[in-house]
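The next block holds one structure in the form of structure tokens; read it before the comments.
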Amino acid sequence: MVASTATPGVQRGDVSEEPRRWLLIAALVVAVVPTANAHYYYDCAGFRDTRCRCPYWLNIMTCTLTGDQLPSFLASHKYDIVRIGSPNNSLSVTINAEAFKNLRTKTLEIFSFANITVKPGAFSGVADQLEELKIGRTLRPIPDDIFHGLGQLRLLDLGENRLKTVSRAMFNNFPRLEELFLYRNRLDEIPDDSFDGLTQLKFLDISNNNLKTVTHTMFSHLSRLTNLYLASNKFVTIPDDAFLGLGQLEHLSLESCGLSTLRAPLLRSTTNLGYLSLAYNPLVCDCQLSWVRTAAVDLHGSCTNPPSARDQEITRYNFSQCNQENTGNGCIYFKPPLDVYGSI
């Protein structure tokens, strides 16, 4: 006989004891939570600015701006991540030169709905361990020397701002930068040589902007680039030599760019390409696009025309009436990487 595991005095199926158990648990939670919250919010190793809070089990500082001045950071404080922000869109904050002089952190994040003005030299004097800088929802124009002294950065995220352009000199002093994010801005142009100094760059995202063209020299110095995101811009055509020199490129997104076709010569030098997205473009499936028959690449996109093929995947369209001679593009082959998504 198997011994019963039921609580003495309680028949199987009897739930009369359940409310009492939950009341006991609730009482314990109420008793413990205030103490836990006290430690959660203010254990910042002696940092006395009450706008800043630190979880006691994580080495992170989060500061909520309520006035026009930043917290005064102390050299004795070191954090993995420092986050600064404000939900107040009527607040105006000026970040002056050397505002972060004593800050010791690996990652600095500034995300705010406030109107923030960043003065030249704002990041001057930041300790060498700063590797990631993220600024979002606040910037409009950016002074040319705003990032002076940040040559050690490996990641720069300027996504979700209101930038209409970037200067030629803005990214000149980032010899170690590997990831650059400019998505969801209002960029309508990028000067030809803006990325020339980013020789270590591997990941570039300039999606969701107003770019109308890609110049033939825009990416010419990015020989180590593996991921390029150009989705949701306003391209009509892209020059055949726009991706010349991108021999390490593995992932290319051209979604929602208004493209009716993509010529094979454009991708001739991207011999390591493993993933190409042309989704949400008004693609015309004709002989101009017939090179997709021989493309050994994970390719996404659907026909808009001819009407009989609407919404049909371009890789499934019958291009049998086309040949190498009448396309004018020739054939192109791609070598997919071992792991298409491994570096995303």
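By order in the structure tokens, chains are A, B, ...; within a chain, residues start at 1; ligands start at 1, following the order shown.
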Please identify all polymer residues within 12 Å of Arg51 of chain A, counting only C-alpha atoms, omitting same-chain residues fewer than 5 positions from it, and present them as a PyMOL selection string.
-> chain A and resi 41-42+44+61-67+69-72+83-86
Could those residues be written to a file, using N, CA and C atoms, as an mmCIF file, in the first residue's frame?
data_model
loop_
_atom_site.group_PDB
_atom_site.id
_atom_site.type_symbol
_atom_site.label_atom_id
_atom_site.label_comp_id
_atom_site.auth_asym_id
_atom_site.auth_seq_id
_atom_site.Cartn_x
_atom_site.Cartn_y
_atom_site.Cartn_z
ATOM 1 N N TYR A 41 17.099 50.201 -4.217
ATOM 2 C CA TYR A 41 17.138 51.514 -4.831
ATOM 3 C C TYR A 41 18.336 52.373 -4.463
ATOM 4 N N TYR A 42 18.922 52.208 -3.313
ATOM 5 C CA TYR A 42 19.877 53.220 -2.893
ATOM 6 C C TYR A 42 21.259 52.693 -2.524
ATOM 7 N N CYS A 44 24.258 52.610 -3.709
ATOM 8 C CA CYS A 44 25.147 53.139 -4.739
ATOM 9 C C CYS A 44 26.529 53.441 -4.178
ATOM 10 N N MET A 61 24.214 51.747 -12.464
ATOM 11 C CA MET A 61 23.639 52.973 -11.913
ATOM 12 C C MET A 61 22.643 53.548 -12.914
ATOM 13 N N THR A 62 21.434 53.879 -12.447
ATOM 14 C CA THR A 62 20.406 54.493 -13.280
ATOM 15 C C THR A 62 20.030 55.839 -12.685
ATOM 16 N N CYS A 63 20.186 56.912 -13.476
ATOM 17 C CA CYS A 63 19.905 58.267 -13.001
ATOM 18 C C CYS A 63 18.774 58.878 -13.813
ATOM 19 N N THR A 64 17.768 59.396 -13.132
ATOM 20 C CA THR A 64 16.641 60.062 -13.780
ATOM 21 C C THR A 64 16.781 61.562 -13.596
ATOM 22 N N LEU A 65 16.917 62.293 -14.709
ATOM 23 C CA LEU A 65 17.114 63.734 -14.639
ATOM 24 C C LEU A 65 15.812 64.438 -14.276
ATOM 25 N N THR A 66 15.902 65.321 -13.276
ATOM 26 C CA THR A 66 14.750 66.131 -12.902
ATOM 27 C C THR A 66 15.084 67.620 -12.970
ATOM 28 N N GLY A 67 16.340 67.940 -13.217
ATOM 29 C CA GLY A 67 16.774 69.323 -13.349
ATOM 30 C C GLY A 67 17.716 69.459 -14.522
ATOM 31 N N GLN A 69 20.955 69.831 -14.492
ATOM 32 C CA GLN A 69 22.331 69.450 -14.208
ATOM 33 C C GLN A 69 22.469 67.940 -14.110
ATOM 34 N N LEU A 70 23.607 67.434 -14.604
ATOM 35 C CA LEU A 70 23.919 66.019 -14.462
ATOM 36 C C LEU A 70 24.405 65.734 -13.045
ATOM 37 N N PRO A 71 24.345 64.479 -12.622
ATOM 38 C CA PRO A 71 24.961 64.131 -11.340
ATOM 39 C C PRO A 71 26.465 64.383 -11.386
ATOM 40 N N SER A 72 27.061 64.611 -10.246
ATOM 41 C CA SER A 72 28.506 64.779 -10.156
ATOM 42 C C SER A 72 29.122 63.422 -9.856
ATOM 43 N N ARG A 83 23.235 54.495 -16.756
ATOM 44 C CA ARG A 83 22.109 54.911 -17.581
ATOM 45 C C ARG A 83 21.575 56.239 -17.089
ATOM 46 N N ILE A 84 21.399 57.173 -18.020
ATOM 47 C CA ILE A 84 20.900 58.506 -17.691
ATOM 48 C C ILE A 84 19.724 58.803 -18.599
ATOM 49 N N GLY A 85 18.602 59.262 -18.034
ATOM 50 C CA GLY A 85 17.441 59.548 -18.864
ATOM 51 C C GLY A 85 16.425 60.400 -18.157
ATOM 52 N N SER A 86 15.385 60.773 -18.905
ATOM 53 C CA SER A 86 14.299 61.563 -18.357
ATOM 54 C C SER A 86 13.064 61.376 -19.223
#
One residue among A:Gln200, A:Thr215, A:Gln152, A:Ser207 is nearest to Asp240 of chain A when using only C-alpha atoms, and that residue is A:Thr215
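Excluding Ile146 of chain A itself and any same-chain residue fewer than 5 positions from it, the protein and nucleic acid residues within 12 Å of it, counting only C-alpha atoms, are Ile95, Asn96, Ala97, Glu98, Ala99, Thr117, Val118, Lys119, Pro120, Gly121, Ala122, Phe123, Ser124, Leu139, Pro141, Val166, Ser167, Ala169, Met170, Phe171, Asn172 and Asn173 of chain A.
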Could you give me, as a compact mmCIF listing (two decimals) with N, CA and C atoms, in the first residue's frame, each residue of segment 162-325 of chain A that DSSP assigns to helix (DSSP H, G or I) when run on this structure's backbone?
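out.txt, written as the output of this step:
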# COMPACT_ATOMS: atom_id res chain seq x y z
N ALA A 264 22.91 42.20 -60.70
CA ALA A 264 23.93 41.27 -60.20
C ALA A 264 25.29 41.90 -59.99
N PRO A 265 25.76 42.81 -60.89
CA PRO A 265 27.09 43.40 -60.67
C PRO A 265 27.24 44.10 -59.33
N LEU A 266 26.13 44.56 -58.74
CA LEU A 266 26.18 45.22 -57.44
C LEU A 266 26.76 44.31 -56.37
N LEU A 267 26.54 43.01 -56.50
CA LEU A 267 26.94 42.06 -55.47
C LEU A 267 28.13 41.21 -55.87
N CYS A 287 13.89 39.45 -66.65
CA CYS A 287 15.24 38.92 -66.89
C CYS A 287 16.33 39.71 -66.18
N GLN A 288 16.05 40.95 -65.82
CA GLN A 288 17.01 41.75 -65.08
C GLN A 288 17.32 41.13 -63.72
N LEU A 289 16.35 40.38 -63.18
CA LEU A 289 16.49 39.78 -61.86
C LEU A 289 16.76 38.28 -61.93
N SER A 290 17.00 37.77 -63.11
CA SER A 290 17.10 36.32 -63.28
C SER A 290 18.36 35.72 -62.67
N TRP A 291 19.32 36.55 -62.25
CA TRP A 291 20.53 36.04 -61.61
C TRP A 291 20.24 35.30 -60.31
N VAL A 292 19.04 35.50 -59.74
CA VAL A 292 18.72 34.82 -58.48
C VAL A 292 18.67 33.30 -58.66
N ARG A 293 18.54 32.83 -59.89
CA ARG A 293 18.51 31.38 -60.14
C ARG A 293 19.81 30.72 -59.69
N THR A 294 20.91 31.42 -59.80
CA THR A 294 22.21 30.83 -59.51
C THR A 294 22.83 31.35 -58.23
N PRO A 307 1.72 40.96 -62.78
CA PRO A 307 0.58 40.71 -61.88
C PRO A 307 0.33 39.23 -61.63
N SER A 308 0.62 38.40 -62.62
CA SER A 308 0.38 36.96 -62.46
C SER A 308 1.28 36.33 -61.41
N ALA A 309 2.38 37.02 -61.08
CA ALA A 309 3.33 36.48 -60.12
C ALA A 309 3.34 37.25 -58.81
N ILE A 314 10.69 35.40 -55.21
CA ILE A 314 11.49 35.55 -56.43
C ILE A 314 12.33 34.30 -56.70
N THR A 315 12.67 33.57 -55.65
CA THR A 315 13.45 32.35 -55.86
C THR A 315 12.61 31.23 -56.47
N ARG A 316 11.29 31.39 -56.48
CA ARG A 316 10.40 30.38 -57.06
C ARG A 316 9.85 30.80 -58.43
N GLN A 324 21.79 34.11 -70.08
CA GLN A 324 22.87 35.01 -69.69
C GLN A 324 23.05 36.15 -70.67
N GLU A 325 22.81 35.89 -71.94
CA GLU A 325 23.05 36.91 -72.95
C GLU A 325 22.04 38.04 -72.88
Polymer residues at most 9 Å from Leu244 of chain A, only C-alpha atoms, same-chain spacing of 2 or more positions, as a PyMOL selection string = chain A and resi 216-217+219-220+240-242+246-247+266-270
Atoms to include: C-alpha atoms. Write the selected residues as a short mmCIF file (atom, residue, chain, number, x, y, z; two decimals), in the first residue's frame.
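Saved result, again_27.cif, follows:
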data_model
loop_
_atom_site.label_atom_id
_atom_site.label_comp_id
_atom_site.auth_asym_id
_atom_site.auth_seq_id
_atom_site.Cartn_x
_atom_site.Cartn_y
_atom_site.Cartn_z
CA HIS A 216 30.14 54.52 -54.90
CA THR A 217 32.64 55.40 -52.14
CA PHE A 219 31.48 51.84 -47.91
CA SER A 220 34.73 51.50 -49.86
CA ASP A 240 26.70 48.83 -59.38
CA ASP A 241 29.89 49.65 -57.45
CA ALA A 242 28.24 50.68 -54.17
CA LEU A 246 32.91 44.38 -49.08
CA GLY A 247 34.40 40.92 -49.44
CA LEU A 266 26.18 45.22 -57.44
CA LEU A 267 26.94 42.06 -55.47
CA ARG A 268 29.84 40.70 -57.49
CA SER A 269 32.49 41.49 -54.86
CA THR A 270 30.42 40.27 -51.88
#
